[in-house]
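Below is one structure, written out as structure tokens; the observations come after it.
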Amino acid sequence: MFRKLHDPRGEALTVTIDGVPVAAEANESVAAVLLRQTPVWLRTTPVSDALRGPYCMMGVCFDCLATVDGVASVQTCLTQVRDGMRIDRQRGRPSVAS
Amino acid sequence: MSRRVDLLIVGAGPAGLSAAITARCHGMDVLVVDEQPTPGGQIWRNVEAVAGTPRAAILGKAYGEGLAVVGRFRASGAGYEPGTQVWQVETGPRAFMTRNGAASSIEPGCLLLATGAQERPAPFPGWTLPGVMTVGAAQIVLKTSGQIPSDPVWIAGNGPLSLLYAAQLLQAGGQIAGFLDTTPPGRTAAAIPKLAAALFSAPGDLMKGLGWVSALRRRVPYVQHVTKIEAIGGDTIERLRYVTASGKTATVEARLLLVHEGIVPTIHPTLALGCRHGWNTNQDSFAPQLDIWGETSEPGVFVAGDGAGIGGATTACLRGEIAALRIAARLGRLPEAQAAAAAQPIRSRLTRALAARPFLDTLYRPRSAVFVPPDETVACRCEEVTVASIREQAAAGRPGPNQVKAFTRAGMGPCQGRQCGYTIAHVLADAEGREVPDVGLYRVRPPLKPLTLGELAALDSADVTS
């Protein structure tokens, strides 16, 4: 849905989204990385299982929640990528123990 | 133990940075905490990294001007803790926050909330589909990640930010499928009497805005007076339907739709604290009631920047400086008479900077469907409560937002009413024949941002006793 204006070089990191390796740049947010992927959704809602993706990108809407390194409902627009980070799309109600 | 500083500033945007610089000039011990990883707020987001790259030219002069302010802040000696979420603000003042998974509290001499603004929630049918985002969100991605929409994008909106982003996107080589201008008919005529004051205040900005509009009209399909929009799709937006004031209807293919209907002050922290708020008729939003220095009804708690009412970056800087002068006097770092004298020329500049607002507020006042969307629209994104269900509640007996919340769960999801508060207030006001300020917003309770039980449990026990 989005593309980089520049060639990402140097500082290249690898994260996984649902187990798939994805290239990212240092200092970008998890949600920004997701906007370059297909599909572009990050979670399904606990109420109706509707798909949701990033909406406001500034920590207000809470629609970009996903599981990051095993922690559920992380605001991915406020979370910067780290090399080796595990990002998983979150389906429905997260488990309290996850 | 609670840490102690003279001045705690929440928010590292124009107001917070300017206040910190001024406060440091008067020898105060200052700490700035901010949610983002780098200083600048949303308007100057990531400016240190972008300055000097081709992206700086795309983002323009007003963005680049942030670099000097950020530089002065870095050199000021103020403490700075990015990546911090403030989740509770109490009388005292005392603030609780989390950073790197660790919670702590701070008891400052004075607290300045410089938490800025958020885009005005503008619900319409289909606005929850992936592929529908705000214009502000797309601009943040341009600033922080250097990325633009990969396909021709539809932009539907009203207000300077949608025009600015469209201009930036074209400059960056992006493509716009069409621009749906949602400014209602008659706004220009209503705004003309206020034009002279705006020209006096910011002639350059107005000329810039006119330039954006004429460039857009030349280069992309530009539809005026769009009254209704609807996003249609399955897993993501596929089509966009719109209706104009003259009754023209069209359905077009859409992979990405960006929407924007102005911005409103961030008031969750001051609401939680119980500060008095007032309704700003010109800006269709609540704002904390402040004295001429920016102090709220809560002693020692100040607000500066767009959180005090939308005014833009220049205004935010000036309000930050004025608040810092008062705080310096309050803490005995500056005689009151000197603070008053120093504030005088800043107030003159503030008056001038604000002179364009009546024109902009009138010209860009959103259409009524932004406030009271069609019945099938999801009002509360988190709990998926429709406008129709809110109306059913209203029909059952003049409830307020807090009763509707209890009955429908609207406002009880993770965003805590940040996206639905105004919609609920407007729909209830409409259904019950009341005024929005009379209906009011949800009561805001801590935590203002989610925190884990682990973070809470790890608070030093001395943090939670006075």
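Residue numbering restarts at 1 for every chain of the structure tokens, chains are lettered A, B, ... in their displayed order, and ligands are numbered from 1 as they appear.
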
Next item on the list: Tell me the residues of chain B close to chain A, meaning within 8 Å using only C-alpha atoms, as a PyMOL selection string.
Entry: chain B and resi 35-36+118+128-134+136-138+140-141+144-151+172+235-236+255-256+382-384+414-415+418-419

Next item on the list: Would you please extract all alpha helix (DSSP H) residues from stretch 319-420 of chain B, as assigned by DSSP on the backbone, and give them as number ranges by chain?
Entry: B: 319-330, 336-354, 357-363, 368-371, 387-395, 401-408

Next item on the list: Can you check which residues of chain A DSSP gives as strand (DSSP E) on the backbone and send them as a ChimeraX atom specification?
Entry: /A:2-4,12-17,20-25,43-44,51-52,65-68,71-75,86-88

Next, the residues of the selection above should be written as an mmCIF file, in the first residue's frame with C-alpha atoms.
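File part39.cif, as written:
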data_model
loop_
_atom_site.group_PDB
_atom_site.id
_atom_site.type_symbol
_atom_site.label_atom_id
_atom_site.label_comp_id
_atom_site.auth_asym_id
_atom_site.auth_seq_id
_atom_site.Cartn_x
_atom_site.Cartn_y
_atom_site.Cartn_z
ATOM 1 C CA PHE A 2 2.987 2.307 0.664
ATOM 2 C CA ARG A 3 6.477 2.355 -0.836
ATOM 3 C CA LYS A 4 9.804 3.838 0.207
ATOM 4 C CA ALA A 12 18.928 -2.885 7.297
ATOM 5 C CA LEU A 13 17.133 -5.030 9.853
ATOM 6 C CA THR A 14 15.062 -8.156 9.544
ATOM 7 C CA VAL A 15 11.848 -8.701 11.466
ATOM 8 C CA THR A 16 9.268 -11.419 11.005
ATOM 9 C CA ILE A 17 5.564 -10.865 10.421
ATOM 10 C CA VAL A 20 7.803 -14.360 7.310
ATOM 11 C CA PRO A 21 11.102 -12.416 7.227
ATOM 12 C CA VAL A 22 10.625 -8.764 6.236
ATOM 13 C CA ALA A 23 13.278 -6.068 5.722
ATOM 14 C CA ALA A 24 13.032 -2.904 7.775
ATOM 15 C CA GLU A 25 15.116 0.180 8.485
ATOM 16 C CA ARG A 43 -5.649 -7.629 13.881
ATOM 17 C CA THR A 44 -9.223 -8.801 13.912
ATOM 18 C CA LEU A 51 -10.046 -6.765 9.976
ATOM 19 C CA ARG A 52 -8.224 -3.628 11.097
ATOM 20 C CA LEU A 65 -2.542 -3.384 17.829
ATOM 21 C CA ALA A 66 -0.577 -6.589 17.235
ATOM 22 C CA THR A 67 1.442 -9.153 19.158
ATOM 23 C CA VAL A 68 5.091 -8.104 19.350
ATOM 24 C CA VAL A 71 3.208 -9.381 24.074
ATOM 25 C CA ALA A 72 -0.374 -8.879 22.875
ATOM 26 C CA SER A 73 -2.085 -5.593 21.953
ATOM 27 C CA VAL A 74 1.073 -3.552 21.421
ATOM 28 C CA GLN A 75 0.530 -0.194 19.704
ATOM 29 C CA ARG A 86 8.665 -11.118 16.040
ATOM 30 C CA ILE A 87 5.441 -9.460 14.930
ATOM 31 C CA ASP A 88 2.282 -11.523 14.763
#

Next item on the list: Identify which of the residues B:Glu298, B:Lys449, B:Val252, B:Pro121 lies closest to B:Tyr422, counting only C-alpha atoms when measuring atom-to-atom distances.
Entry: B:Pro121

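For B:Gly411, the list of residues within 9 Å, based on only C-alpha atoms and with local chain neighbours fewer than 2 positions off taken out, reads Cys380, Arg381, Cys382, Glu383, Pro401, Asn402, Val404, Lys405, Thr408, Arg409, Gly413, Pro414, Cys415, Gln416, Gly417, Arg418, Gln419, Cys420, Gly421, Ile424 and Tyr442 of chain B.
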
Check: Taking only C-alpha atoms into account, which of A:Gly92, A:Asp49, A:Asp18, A:Cys64 comes nearest A:Thr76?
Finding: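 Looking at the shortest contact to A:Thr76, the residue is A:Cys64.
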
Item checked: Nearest to B:Ala122, chosen from B:Leu210, B:Val259, B:Ala356, B:Ala316, with only C-alpha atoms counted in the distances ->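 Result for the nearest residue to B:Ala122: B:Val259.
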
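Between A:Gly19 and the residues A:Arg82, A:Arg89, A:Pro94, A:Leu34, the shortest atom-to-atom distance, using only C-alpha atoms, involves A:Arg89.
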
Next item on the list: For each of B:Ile155, B:Phe124, B:Pro446, B:Gln283, take the minimum atom-to-atom distance to B:Val372, counting only C-alpha atoms, then give the residue where this is smallest.
Entry: B:Phe124

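Going from atom CA of B:Thr22 over to atom CA of B:Ala324, you cover 6.1 Å.
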
Item checked: Nearby residues (only C-alpha atoms) at most 10 Å from B:Ala339, same-chain spacing under 2 positions excluded, as a count of residues only -> 18

Check: Any idea what's packed within 7 Å of stretch 301-313 of chain B, counting only C-alpha atoms, ignoring anything in its chain fewer than 4 positions away? Could you give it as a list in words?
Finding: Pro14, Ala15, Pro93, Cys110, Leu111, Leu112, Leu113, Ala114, Thr115, Gly116, Ala117, Val264, Pro265, Thr266, Ile267, Ala287, Pro288, Gly294, Glu295, Thr296, Cys317, Arg319, Gly320, Ala323, Leu354 and Arg357 of chain B

Checklist line | Spatial neighbours of B:Ala166, max dist 12 Å, only C-alpha atoms, sep filter under 6 positions, as a ChimeraX atom specification | finding: /B:58-59,135-136,138-139,142,148-149,152-160,172-181,209,211-217,219-220,222,258-260

Check: Of the candidates B:Ala254, B:Val30, B:Leu164, B:Ile9, which shows the shortest atom-to-atom distance to B:Lys61, using only C-alpha atoms?
Finding: B:Leu164
